[in-house]
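*Asks:* Quick one: the structure is below, questions incoming.
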Amino acid sequence: MAEEVYERKILDRISDAFIKLIAKIFDSIRPGWSERNRSKLDEWRLMFYALNRSPTGIIGLILVIVFVLTGIFGPFIAPYRYNDLLIYKNPGYRFIPPGGTGPGGEIFLLGTDDYGRDMLSLVLYGARTSLVVAILVMIIGAPIGIILGLISGYYGGKIDEVIMRVTDIFLAFPGLILAIGFAATLPDRIKGVLEANPWLQNVLLALFALDPSDAPRLANLLSVIVAIVIVWWPGYTRIVRGNTLSVKENVYVEAARAMGMSSWGIMVKHILPNILAPIIVILTLDIGSVILVEAGLSYLGVGAQPPIADWGRIVYDGSRWLYRGYWWLSLLPGVFILLTVLGFNLLGDSLRDIFDPRTRRSIEFKLKKSKR
Amino acid sequence: MSQLCKPILEVRDLYVNFYTYAGIVKAIDGVSFTVCEGETFCLVGETGCGKTVTSRAITRLVPSPGRIVKGEVIYYTPYGKINLLKLSEDKLREIRGKEIAYIFQDPAAALDPLYTIGYQVGETMVEHKTVKTWKEAFRKAVEVLRNVLLPDPEKRVKSYPHELSGGMKQRSVIGIGLSNQPRIVVADEPTSYLDVTIQAQIMDLLRKLKKERKLTIILITHNMGLVAEMCDRVAVMYAGNIVELGPVERIFKNPLHPYTRGLLKAVPNPLTKIEKLESIPGTVPNLIYPPPGCRFHPRCQYAMDICKREKPRLIEIEPGHYVACHLYSRLYMV
Amino acid sequence: MSLDLIKVTNLKKYFPLKGILFTKNYVRAVDGISFTIRRGETLGLVGESGCGKTTTGRLILRLIEPTSGEIYFDGKNILKLKGKELKEFRRQAQMVFQDPYTSLDPRMTVFDIIMEPLKIHKIKVDDPEKIVVDLLYKVGLNETHLYRYPHEFSGGQRQRIAIARVLALKPKFIVLDEPTSALDVSVQAQILNLLKDLQREFNLTYLFISHDLGVVKYMSDRIAVMYLGKIVELAPAEELFEKPLHPYTQMLLAALPVPDPDYYKKKPKIKVYGEPGSPINPPPGCRFHPRCPFATEKCKREVPPLVEYEKDHFVACWLKR
């Protein structure tokens with residue numbers, strides 16, 4: 001087993017070129033950068049090699065990249081808008097099967113739904129919705145969880161007790177019921193906030209690639225995001241606190257204190273970088289969960305309201321027509337949810353391996369061997 | 001070899017490799033020595049020299065990813081010689097723990113926290129059929145603990161490991177090791193986790209037990225003071241090889257190998273006034289890519305060309321005193 | 001400027017133990033010690049486990065707060081310092097830790113590690129790289145090590161990096177907490193010699209904590225012996241070994257393994273026995289009396305104070321007055 005010879009595959013060469021490119025860019029901004037960071041660049045190289053050795057990791061990465069690109073560029077390349085209800089143009093646009101042609105001779109790759117909306121466009125817009133929801137949840141929820149976890153783990157004592165009890169309370173919230181409950185009352189409040197701050201409304205509309213006419217329904221989407229964030233951040237606090245506790249025992253933390261570093265400085269410069277790896281893994285896995293949860297809530301009618309394109313909502317709308325044999329209305333968005341969540345799961349799993357320094361050492365050794 | 005030596009254990013040409021994710025560690029690189037009956041034989045060296053692995057290899061206790069690649073360990077019983085490395089697992093287990101007992105470094109780790117001391121002492125005796133019933137085992141356990149000078153043995157027999165201090169734990173471990181009347185005791189750094197005053201008491205105890213039961217002790221340590229205190233003969237190890245072997249007085253009074261000399265000069269002797277400690281430059285080599293020839297040559301001030309090419313073998317310079325160094329091979333005139 | 005850089009008076013540190021509801025037990029880690037450290041000297045602090053030497057090291061740097069007592073550094077009571085003044089104290093008093101494998105942040109390069117103290121104290125430098133390289137040379141490393149990570153170095157090299165880090169702030173006083181216990185003997189000698197050279201070059205004052213008497217003797221000018229939270233003897237290094245007054249010191253020296261086989265041909269006169277007591281419920285009176293062959297009734301009841309028996313040789317024992 002130890003006698004394996006290491007082959008450098010095409011992917012490795014691509015990764016090498018990619019890293020060299022990054023090094024060149026940094027070098028032009030700050031001369032000598034690549035020399036100073038040679039060890040770091042080597043570690044990155046080994047991490048890429050580790051990724052290349054994992055077929056599931058590569059598949060995951062590809063799926064994630066596809067999802068992200070679709071999310072960003074989807075609305076621009078979609079042939080129709082999400083609220084192009086072609087049925088009003090011509091009833092013949094209804095329920096066109098995938099690959100079928102419309103009354104005007106257009107080909108609908110993924111078919112159309114009961115309102116004559118192009119399924120392909122809906123899916124592309126839906127990707128944007130999911131992507132923005134996931135990012136918003138992460139940007140709001142993760143920092144809260146991480147900061148509280150750091151403080152709780154580092155200071156200990158009463159602060160730790162208080163934060164942990166608060167976290168316990170939030171963890172006890174039944175997310176589903178919370179979301180449903182929110183859906184009843186929150187959107188109105190949110191609408192009020194949005195009307196008072198039209199710039200905020202415009203930013204969000206642009207993010208979600210929505211028409212201004214759908215502004216009222218934006219509030220529903222936001223209420224779901226709030227519900228998810230509330231239920232989601234406590235998990236981070238627990239994990240970060242645990243990792244902080246173990247990193248805190250390392251002597252370099254005490255050494256930093258002996259040098260006169262402030263507690264906050266220690267948390268940010270010494271503890272956080274050393275707990276980052278497992279957090280990134282969990283974040284990646286979680287994005288998939290968040291997308292799934294949001295889709296589920298929308299399916300139940302609590303989230304995005306039509307005509308906003310949301311994968312979960314589309315699945316629900318389509319499910320009403322299954323009895324008529326129109327399978328593509330539900331299945332296609334479902335498949336996209338599946339592939340996206342799968343992608344994040346596979347990527348997250350292989351990230352765990354990649355961040356493990358032993359994997360890199362093993363690759364390093366095999367490289368050295370084959371050089372001889 | 002002194003004429004008065006009756007061999008009890010002989011290690012011949014031992015090679016042990018560790019197959020790790022980072023590479024193949026050539027931990028033991030051709031080690032040979034003989035232990036005489038009734039003596040205290042020391043394996044001394046720094047971290048990574050291979051003394052612990054050698055002591056484990058004797059009864060095939062080398063943990064994975066280690067593997068004994070080559071060599072023989074000849075054990076001399078009253079009924080004849082056996083090669084321990086070729087013995088079946090069952091037969092080896094009979095010898096291991098009964099005739100060859102181990103005392104490890106960390107007494108807390110050697111004792112199961114869930115069982116009383118009495119139970120653990122009794123367990124080895126029952127396992128090796130030294131006693132017939134558990135009742136007898138517990139009775140004998142009290143005697144065992146008394147022999148290792150554990151205060152209040154009748155009470156302690158019912159104690160759990162966490163109720164005992166480090167010194168008492170190590171005494172219990174020694175008791176467990178000796179309960180089956182072994183012929184050889186392998187003690188691997190038995191006092192490195194203990195305070196100096198406790199260490200002295202444990203060493204006194206080992207000496208007393210050795211005299212009472214005519215034991216042979218193989219002591220592994222990095223502490224040159226302990227070597228001077230306890231040992232009859234010493235093998236100095238470096239990076240998987242024995243570089244010098246001989247009676248303890250000769251090693252201290254006339255150290256031949258440059259490493260032995262460096263080691264002795266680097267140890268602060270509290271009884272003398274030292275102006276400056278001399279250190280050995282450099283660090284222990286990486287055993288995945290060990291230096292060619294003599295593994296000490298990169299740090300040796302006397303290194304010659306041949307040292308980089310050819311590994312020196314152990315040669316007898318004075319009676320019983322061997323060294324593996326090319327400085328002396330010329331004297332030997334092969 | 002007084003001769004004493006550090007003056008410690010009646011320092012105590014009790015760690016509370018969680019007992020059953022109302023019973024309060026304490027670990028009396030440091031139980032009233034007083035000593036001084038003179039400018040430019042090395043004071044050795046020896047003792048076995050539970051004696052309180054490690055805690056003392058941390059108390060002197062105020063890494064933990066004492067239960068009572070006073071600590072003066074350069075004339076200032078450090079227990080009253082706050083904010084900027086406290087930070088300035090931290091600049092002048094540093095520590096080198098025992099474990100080289102976890103005392104350096106594995107995610108920082110050598111350059112970052114050594115620059116860090118300068119950044120914390122907002123000290124501006126014109127050429128950071130040059131300063132760091134200079135420090136590396138002082139500790140026996142070189143510029144090729146500048147941008148590497150700790151895991152690429154051996155234990156001895158890591159300890160050198162830790163020493164360079166401490167020197168970056170040009171401190172006056174360094175607590176060395178078993179700096180070579182985790183290292184091999186041959187490497188230990190290198191580091192000890194380095195520490196001695198640096199002390200001469202930068203006029204440093206050291207508190208050298210160790211359980212290894214041989215090492216402490218080599219490094220120290222004066223040595224304090226601790227037992228169960230108290231100092232039992234304090235004397236110049238040579239004198240402590242030639243004329244140990246306290247029975248515990250005598251026992252320690254008798255127990256020391258000496259790297260000379262001839263020494264063991266003659267039987268040592270002093271027998272070693274007993275276990276160190278518990279710092280939670282230390283024996284009344286003189287802490288050492290259960291193990292002391294000379295214990296009297298007075299020893300069992302009253303705690304002997306540390307007094308100057310001979311010139312500069314202090315001992316806490318009722319038999320030596």
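Each chain in the structure tokens gets a letter, A, B, ..., in the order shown, and its residues are numbered from 1; ligands are numbered from 1 in order too.
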Find the residues of chain C that sit at most 8 Å from chain B; for each, write down the nearest two atoms and how far apart they are in Å, to one decimal. Count only C-alpha atoms. Sort by chain, then by number going up, and give it as JSON lines.
*Replies:*
```
{"residue": "C:Glu48", "atom": "CA", "partner": "B:Asp195", "partner_atom": "CA", "distance": 5.7}
{"residue": "C:Ser49", "atom": "CA", "partner": "B:Asp195", "partner_atom": "CA", "distance": 6.6}
{"residue": "C:Ser154", "atom": "CA", "partner": "B:Thr283", "partner_atom": "CA", "distance": 7.8}
{"residue": "C:Asp184", "atom": "CA", "partner": "B:Glu46", "partner_atom": "CA", "distance": 5.9}
{"residue": "C:Val185", "atom": "CA", "partner": "B:Ala266", "partner_atom": "CA", "distance": 6.5}
{"residue": "C:Ser186", "atom": "CA", "partner": "B:Ile280", "partner_atom": "CA", "distance": 5.5}
{"residue": "C:Val187", "atom": "CA", "partner": "B:Ser279", "partner_atom": "CA", "distance": 6.8}
{"residue": "C:Gln188", "atom": "CA", "partner": "B:Ser279", "partner_atom": "CA", "distance": 7.8}
{"residue": "C:Ala189", "atom": "CA", "partner": "B:Ser279", "partner_atom": "CA", "distance": 5.0}
{"residue": "C:Gln190", "atom": "CA", "partner": "B:Ser279", "partner_atom": "CA", "distance": 5.3}
{"residue": "C:Asn193", "atom": "CA", "partner": "B:Leu277", "partner_atom": "CA", "distance": 7.0}
{"residue": "C:Leu213", "atom": "CA", "partner": "B:Pro270", "partner_atom": "CA", "distance": 6.9}
{"residue": "C:Gly214", "atom": "CA", "partner": "B:Pro270", "partner_atom": "CA", "distance": 4.4}
{"residue": "C:Val215", "atom": "CA", "partner": "B:Pro268", "partner_atom": "CA", "distance": 5.9}
{"residue": "C:Lys217", "atom": "CA", "partner": "B:Pro270", "partner_atom": "CA", "distance": 6.6}
{"residue": "C:Tyr218", "atom": "CA", "partner": "B:Pro268", "partner_atom": "CA", "distance": 6.8}
{"residue": "C:Phe241", "atom": "CA", "partner": "B:Leu271", "partner_atom": "CA", "distance": 7.6}
{"residue": "C:Met251", "atom": "CA", "partner": "B:Thr197", "partner_atom": "CA", "distance": 7.4}
{"residue": "C:Leu252", "atom": "CA", "partner": "B:Thr197", "partner_atom": "CA", "distance": 6.2}
{"residue": "C:Ala255", "atom": "CA", "partner": "B:Ala200", "partner_atom": "CA", "distance": 5.2}
{"residue": "C:Leu256", "atom": "CA", "partner": "B:Val196", "partner_atom": "CA", "distance": 6.6}
{"residue": "C:Pro257", "atom": "CA", "partner": "B:Gly225", "partner_atom": "CA", "distance": 4.3}
{"residue": "C:Val258", "atom": "CA", "partner": "B:Gly225", "partner_atom": "CA", "distance": 4.3}
{"residue": "C:Pro259", "atom": "CA", "partner": "B:Gly225", "partner_atom": "CA", "distance": 3.8}
{"residue": "C:Asp260", "atom": "CA", "partner": "B:Ala228", "partner_atom": "CA", "distance": 5.5}
{"residue": "C:Pro261", "atom": "CA", "partner": "B:Ala228", "partner_atom": "CA", "distance": 4.5}
{"residue": "C:Asp262", "atom": "CA", "partner": "B:Glu249", "partner_atom": "CA", "distance": 7.8}
{"residue": "C:Tyr264", "atom": "CA", "partner": "B:Glu229", "partner_atom": "CA", "distance": 6.0}
{"residue": "C:Val272", "atom": "CA", "partner": "B:Thr197", "partner_atom": "CA", "distance": 6.4}
{"residue": "C:Tyr273", "atom": "CA", "partner": "B:Gln201", "partner_atom": "CA", "distance": 6.5}
{"residue": "C:Gly274", "atom": "CA", "partner": "B:Ile198", "partner_atom": "CA", "distance": 7.8}
{"residue": "C:Glu275", "atom": "CA", "partner": "B:Ile198", "partner_atom": "CA", "distance": 7.0}
```
*Asks:* Atoms to include: C-alpha atoms. Write the selected residues as a JSON list (two decimals), in the first residue's frame.
*Replies:*
```
[["chain", "number", "residue", "atom", "x", "y", "z"],
["C", 48, "GLU", "CA", 8.20, 18.14, 43.00],
["C", 49, "SER", "CA", 4.66, 17.98, 41.70],
["C", 154, "SER", "CA", 11.82, 20.10, 15.77],
["C", 184, "ASP", "CA", 16.08, 15.53, 24.61],
["C", 185, "VAL", "CA", 19.23, 15.79, 26.67],
["C", 186, "SER", "CA", 21.46, 16.81, 23.77],
["C", 187, "VAL", "CA", 19.06, 19.52, 22.66],
["C", 188, "GLN", "CA", 18.54, 20.63, 26.25],
["C", 189, "ALA", "CA", 22.19, 21.53, 26.56],
["C", 190, "GLN", "CA", 21.96, 23.68, 23.42],
["C", 193, "ASN", "CA", 23.64, 27.45, 26.78],
["C", 213, "LEU", "CA", 18.02, 19.76, 40.15],
["C", 214, "GLY", "CA", 21.03, 19.25, 37.92],
["C", 215, "VAL", "CA", 19.68, 21.65, 35.32],
["C", 217, "LYS", "CA", 22.10, 24.11, 39.50],
["C", 218, "TYR", "CA", 23.73, 24.74, 36.13],
["C", 241, "PHE", "CA", 24.25, 21.49, 47.23],
["C", 251, "MET", "CA", 16.18, 14.07, 50.88],
["C", 252, "LEU", "CA", 15.93, 15.57, 47.39],
["C", 255, "ALA", "CA", 17.23, 10.90, 45.75],
["C", 256, "LEU", "CA", 18.95, 12.50, 42.76],
["C", 257, "PRO", "CA", 20.27, 10.03, 40.23],
["C", 258, "VAL", "CA", 23.91, 10.89, 39.66],
["C", 259, "PRO", "CA", 25.55, 10.01, 36.34],
["C", 260, "ASP", "CA", 28.56, 8.44, 38.03],
["C", 261, "PRO", "CA", 28.58, 4.72, 38.90],
["C", 262, "ASP", "CA", 31.24, 5.19, 41.58],
["C", 264, "TYR", "CA", 26.60, 4.34, 44.02],
["C", 272, "VAL", "CA", 14.21, 8.59, 51.00],
["C", 273, "TYR", "CA", 10.66, 7.77, 51.83],
["C", 274, "GLY", "CA", 7.12, 9.01, 52.01],
["C", 275, "GLU", "CA", 4.78, 10.60, 49.54]]
```
*Asks:* Using only C-alpha atoms, which protein or nucleic acid residues come within 10 Å of stretch 79-88 of chain C? Drop anything in the same chain fewer than 5 positions from it, and give the result as an MDAnalysis selection string.
*Replies:* (chainID A and resid 258:262) or (chainID C and resid 59:62 65:66 68:73 93 120:121)
*Asks:* Can I get the selection written as a PDB file, in the first residue's frame, with C-alpha atoms?
*Replies:*
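The new file result_3.pdb reads:
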```
ATOM      1  CA  ALA A 258       1.455  36.753  28.605  1.00  0.00           C
ATOM      2  CA  MET A 259       2.427  39.093  25.787  1.00  0.00           C
ATOM      3  CA  GLY A 260      -0.401  41.414  26.695  1.00  0.00           C
ATOM      4  CA  MET A 261      -2.877  40.576  23.972  1.00  0.00           C
ATOM      5  CA  SER A 262      -6.469  41.568  24.642  1.00  0.00           C
TER       6      SER A 262
ATOM      7  CA  LEU C  59       1.424  34.556  39.640  1.00  0.00           C
ATOM      8  CA  ILE C  60       4.567  36.610  39.198  1.00  0.00           C
ATOM      9  CA  LEU C  61       3.475  37.528  35.700  1.00  0.00           C
ATOM     10  CA  ARG C  62      -0.074  38.024  36.882  1.00  0.00           C
ATOM     11  CA  GLU C  65      -4.648  36.604  40.185  1.00  0.00           C
ATOM     12  CA  PRO C  66      -3.271  35.864  43.659  1.00  0.00           C
ATOM     13  CA  SER C  68      -3.462  37.550  48.734  1.00  0.00           C
ATOM     14  CA  GLY C  69       0.035  38.937  48.993  1.00  0.00           C
ATOM     15  CA  GLU C  70       2.059  41.503  47.100  1.00  0.00           C
ATOM     16  CA  ILE C  71       4.292  41.447  44.095  1.00  0.00           C
ATOM     17  CA  TYR C  72       6.568  44.344  43.271  1.00  0.00           C
ATOM     18  CA  PHE C  73       8.273  44.691  39.912  1.00  0.00           C
ATOM     19  CA  ALA C  93       8.094  40.579  31.919  1.00  0.00           C
ATOM     20  CA  ILE C 120       0.304  43.860  20.167  1.00  0.00           C
ATOM     21  CA  HIS C 121       2.280  46.657  21.740  1.00  0.00           C
TER      22      HIS C 121
END
```
*Asks:* Please check the contacts: residues of chain A at most 8 Å away from chain B, using only C-alpha atoms, listed as a ChimeraX atom specification.
*Replies:* /A:2,358,361-362,364-365
*Asks:* DSSP on the backbone, then: every residue of stretch 67-264 of chain A marked alpha helix (DSSP H), written as an mmCIF file with C-alpha atoms, in the first residue's frame.
*Replies:*
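Saved file out_5.cif follows:
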```cif
data_model
loop_
_atom_site.group_PDB
_atom_site.id
_atom_site.type_symbol
_atom_site.label_atom_id
_atom_site.label_comp_id
_atom_site.auth_asym_id
_atom_site.auth_seq_id
_atom_site.Cartn_x
_atom_site.Cartn_y
_atom_site.Cartn_z
ATOM 1 C CA PHE A 67 -25.596 25.841 -8.833
ATOM 2 C CA VAL A 68 -23.789 29.055 -7.965
ATOM 3 C CA LEU A 69 -23.336 30.045 -11.598
ATOM 4 C CA THR A 70 -26.954 29.238 -12.324
ATOM 5 C CA GLY A 71 -27.990 31.240 -9.329
ATOM 6 C CA ILE A 72 -26.004 34.278 -10.390
ATOM 7 C CA PHE A 73 -26.556 34.228 -14.136
ATOM 8 C CA GLY A 74 -29.813 32.323 -14.360
ATOM 9 C CA PRO A 75 -32.137 35.287 -14.516
ATOM 10 C CA PHE A 76 -29.997 36.845 -17.255
ATOM 11 C CA ILE A 77 -29.916 33.865 -19.538
ATOM 12 C CA MET A 119 -40.170 25.513 -16.689
ATOM 13 C CA LEU A 120 -36.572 26.135 -17.671
ATOM 14 C CA SER A 121 -36.831 29.813 -16.813
ATOM 15 C CA LEU A 122 -38.616 29.001 -13.591
ATOM 16 C CA VAL A 123 -35.833 26.663 -12.574
ATOM 17 C CA LEU A 124 -33.191 29.256 -13.394
ATOM 18 C CA TYR A 125 -34.938 31.936 -11.391
ATOM 19 C CA GLY A 126 -35.513 29.446 -8.642
ATOM 20 C CA ALA A 127 -31.795 28.887 -8.410
ATOM 21 C CA ARG A 128 -31.348 32.591 -7.762
ATOM 22 C CA THR A 129 -33.964 32.512 -5.032
ATOM 23 C CA SER A 130 -32.350 29.532 -3.302
ATOM 24 C CA LEU A 131 -28.879 30.984 -3.634
ATOM 25 C CA VAL A 132 -29.823 34.341 -2.140
ATOM 26 C CA VAL A 133 -31.789 32.744 0.667
ATOM 27 C CA ALA A 134 -28.852 30.498 1.539
ATOM 28 C CA ILE A 135 -26.395 33.384 1.474
ATOM 29 C CA LEU A 136 -28.609 35.650 3.567
ATOM 30 C CA VAL A 137 -29.187 32.959 6.175
ATOM 31 C CA MET A 138 -25.483 32.297 6.355
ATOM 32 C CA ILE A 139 -24.402 35.922 6.476
ATOM 33 C CA ILE A 140 -26.828 36.722 9.263
ATOM 34 C CA GLY A 141 -26.881 33.495 11.203
ATOM 35 C CA ALA A 142 -23.295 32.276 11.084
ATOM 36 C CA PRO A 143 -21.621 35.382 12.582
ATOM 37 C CA ILE A 144 -24.138 35.473 15.431
ATOM 38 C CA GLY A 145 -23.551 31.840 16.221
ATOM 39 C CA ILE A 146 -19.789 32.021 15.866
ATOM 40 C CA ILE A 147 -19.318 35.168 17.923
ATOM 41 C CA LEU A 148 -21.524 33.902 20.720
ATOM 42 C CA GLY A 149 -19.766 30.558 20.652
ATOM 43 C CA LEU A 150 -16.353 32.215 20.893
ATOM 44 C CA ILE A 151 -17.369 34.429 23.787
ATOM 45 C CA SER A 152 -19.050 31.587 25.580
ATOM 46 C CA GLY A 153 -16.114 29.218 25.192
ATOM 47 C CA TYR A 154 -13.384 31.737 25.930
ATOM 48 C CA TYR A 155 -14.782 33.509 28.960
ATOM 49 C CA GLY A 157 -18.176 31.085 33.916
ATOM 50 C CA LYS A 158 -21.414 33.011 34.150
ATOM 51 C CA ILE A 159 -21.215 34.388 30.630
ATOM 52 C CA ASP A 160 -20.963 30.855 29.342
ATOM 53 C CA GLU A 161 -23.941 29.753 31.416
ATOM 54 C CA VAL A 162 -26.126 32.623 30.214
ATOM 55 C CA ILE A 163 -25.268 32.177 26.561
ATOM 56 C CA MET A 164 -25.733 28.444 26.738
ATOM 57 C CA ARG A 165 -29.170 28.762 28.329
ATOM 58 C CA VAL A 166 -30.232 31.277 25.706
ATOM 59 C CA THR A 167 -28.945 28.908 23.040
ATOM 60 C CA ASP A 168 -30.879 26.058 24.606
ATOM 61 C CA ILE A 169 -34.067 28.103 24.480
ATOM 62 C CA PHE A 170 -33.584 28.865 20.829
ATOM 63 C CA LEU A 171 -32.722 25.288 20.046
ATOM 64 C CA ALA A 172 -35.981 24.260 21.605
ATOM 65 C CA GLY A 175 -38.635 25.484 13.458
ATOM 66 C CA LEU A 176 -41.622 24.463 11.395
ATOM 67 C CA ILE A 177 -44.206 25.860 13.731
ATOM 68 C CA LEU A 178 -42.169 28.984 14.151
ATOM 69 C CA ALA A 179 -42.080 29.493 10.411
ATOM 70 C CA ILE A 180 -45.794 28.932 10.108
ATOM 71 C CA GLY A 181 -46.478 31.245 12.976
ATOM 72 C CA PHE A 182 -44.211 33.873 11.506
ATOM 73 C CA ALA A 183 -45.907 33.562 8.153
ATOM 74 C CA ALA A 184 -49.106 34.743 9.738
ATOM 75 C CA THR A 185 -47.821 37.912 11.358
ATOM 76 C CA LEU A 186 -44.342 38.831 10.270
ATOM 77 C CA PRO A 187 -44.832 39.663 6.603
ATOM 78 C CA ASP A 188 -47.025 42.635 7.455
ATOM 79 C CA ARG A 189 -44.379 44.019 9.782
ATOM 80 C CA ILE A 190 -41.702 43.450 7.200
ATOM 81 C CA LYS A 191 -43.800 45.191 4.594
ATOM 82 C CA GLY A 192 -43.942 48.167 6.861
ATOM 83 C CA VAL A 193 -40.153 48.197 7.201
ATOM 84 C CA LEU A 194 -39.666 47.883 3.494
ATOM 85 C CA GLU A 195 -42.018 50.694 2.726
ATOM 86 C CA ALA A 196 -40.228 52.912 5.185
ATOM 87 C CA PRO A 198 -37.454 51.919 -0.183
ATOM 88 C CA TRP A 199 -33.728 51.570 -0.852
ATOM 89 C CA LEU A 200 -33.735 48.328 1.125
ATOM 90 C CA GLN A 201 -36.680 47.128 -0.858
ATOM 91 C CA ASN A 202 -34.969 47.881 -4.134
ATOM 92 C CA VAL A 203 -31.792 46.123 -3.143
ATOM 93 C CA LEU A 204 -33.684 43.007 -2.145
ATOM 94 C CA LEU A 205 -35.781 43.041 -5.264
ATOM 95 C CA ALA A 206 -32.667 43.217 -7.384
ATOM 96 C CA LEU A 207 -31.026 40.432 -5.391
ATOM 97 C CA PHE A 208 -33.930 38.130 -5.907
ATOM 98 C CA ALA A 215 -42.714 43.633 -3.586
ATOM 99 C CA PRO A 216 -45.541 42.558 -1.268
ATOM 100 C CA ARG A 217 -44.646 38.916 -1.712
ATOM 101 C CA LEU A 218 -41.017 39.622 -0.923
ATOM 102 C CA ALA A 219 -42.023 40.005 2.713
ATOM 103 C CA ASN A 220 -43.132 36.393 2.882
ATOM 104 C CA LEU A 221 -39.793 35.236 1.648
ATOM 105 C CA LEU A 222 -38.022 37.361 4.200
ATOM 106 C CA SER A 223 -40.157 36.044 7.039
ATOM 107 C CA VAL A 224 -39.071 32.538 6.157
ATOM 108 C CA ILE A 225 -35.464 33.654 6.186
ATOM 109 C CA VAL A 226 -35.916 35.119 9.654
ATOM 110 C CA ALA A 227 -37.511 31.902 10.871
ATOM 111 C CA ILE A 228 -34.639 29.814 9.526
ATOM 112 C CA VAL A 229 -31.964 32.084 10.986
ATOM 113 C CA ILE A 230 -33.542 31.938 14.433
ATOM 114 C CA VAL A 231 -33.563 28.174 14.455
ATOM 115 C CA TRP A 232 -30.210 27.819 12.756
ATOM 116 C CA TRP A 233 -27.652 29.938 14.632
ATOM 117 C CA PRO A 234 -27.722 28.047 17.960
ATOM 118 C CA GLY A 235 -26.207 24.962 16.382
ATOM 119 C CA TYR A 236 -23.166 27.017 15.500
ATOM 120 C CA THR A 237 -22.806 28.387 18.978
ATOM 121 C CA ARG A 238 -22.639 24.899 20.414
ATOM 122 C CA ILE A 239 -20.030 23.660 17.953
ATOM 123 C CA VAL A 240 -17.887 26.771 18.057
ATOM 124 C CA ARG A 241 -17.972 26.756 21.836
ATOM 125 C CA GLY A 242 -16.776 23.168 21.938
ATOM 126 C CA ASN A 243 -13.918 23.848 19.563
ATOM 127 C CA THR A 244 -13.016 27.046 21.393
ATOM 128 C CA LEU A 245 -12.778 25.155 24.666
ATOM 129 C CA SER A 246 -10.262 22.719 23.292
ATOM 130 C CA VAL A 247 -8.194 25.294 21.404
ATOM 131 C CA LYS A 248 -8.161 27.500 24.489
ATOM 132 C CA VAL A 251 -0.224 27.030 25.345
ATOM 133 C CA TYR A 252 -0.035 29.560 22.520
ATOM 134 C CA VAL A 253 -3.216 31.115 23.859
ATOM 135 C CA GLU A 254 -1.593 31.554 27.265
ATOM 136 C CA ALA A 255 1.532 32.868 25.553
ATOM 137 C CA ALA A 256 -0.542 35.514 23.786
ATOM 138 C CA ARG A 257 -2.001 36.584 27.110
ATOM 139 C CA ALA A 258 1.455 36.753 28.605
ATOM 140 C CA SER A 263 -9.081 38.848 24.986
ATOM 141 C CA TRP A 264 -10.789 39.971 21.834
#
```
*Asks:* Got a sec to pull out which chain C residues are within 6 Å of chain A, counting only C-alpha atoms, and send them as a ChimeraX atom specification?
*Replies:* /C:87,90,102-105,120,147
*Asks:* Go through B:Ser64, B:Thr133, B:Gln120, B:Ser55 one by one, measure the shortest atom-to-atom distance of each to B:Phe18 using only C-alpha atoms, and give the residue with the smallest value.
*Replies:* B:Ser64
*Asks:* Write out as a PyMOL selection string which residues come within 9 Å of B:Pro258 when counting only C-alpha atoms, dropping same-chain ones fewer than 5 positions away.
*Replies:* chain B and resi 263+296+300-302+325
*Asks:* What lies within 6 Å of stretch 27-32 of chain C using only C-alpha atoms, ignoring chain neighbours under 2 positions off, as a ChimeraX atom specification?
*Replies:* /C:10-15,52,229-230,279-280
*Asks:* Contacts of B:Ile103 at 8 Å or less, counting only C-alpha atoms, minus same-chain residues fewer than 4 places along, as a short mmCIF file (atom, residue, chain, number, x, y, z; two decimals) with N, CA and C atoms, in the first residue's frame?
*Replies:*
```cif
data_model
loop_
_atom_site.label_atom_id
_atom_site.label_comp_id
_atom_site.auth_asym_id
_atom_site.auth_seq_id
_atom_site.Cartn_x
_atom_site.Cartn_y
_atom_site.Cartn_z
N VAL B 173 1.56 -1.59 39.75
CA VAL B 173 1.90 -2.13 38.43
C VAL B 173 3.08 -3.10 38.54
N ILE B 174 4.06 -2.73 39.35
CA ILE B 174 5.20 -3.64 39.56
C ILE B 174 4.71 -4.92 40.21
N GLY B 177 3.15 -7.03 37.67
CA GLY B 177 4.17 -7.61 36.81
C GLY B 177 4.87 -8.78 37.48
N VAL B 185 12.16 -8.94 33.78
CA VAL B 185 11.26 -7.80 33.89
C VAL B 185 11.76 -6.72 32.93
N VAL B 186 10.89 -6.28 32.03
CA VAL B 186 11.24 -5.19 31.12
C VAL B 186 10.58 -3.92 31.64
N ALA B 187 11.37 -3.00 32.11
CA ALA B 187 10.82 -1.76 32.69
C ALA B 187 11.11 -0.61 31.74
N ASP B 188 10.05 -0.06 31.14
CA ASP B 188 10.22 1.00 30.14
C ASP B 188 9.97 2.36 30.77
N PRO B 190 10.13 3.48 33.83
CA PRO B 190 9.09 3.29 34.85
C PRO B 190 8.91 4.49 35.77
#
```
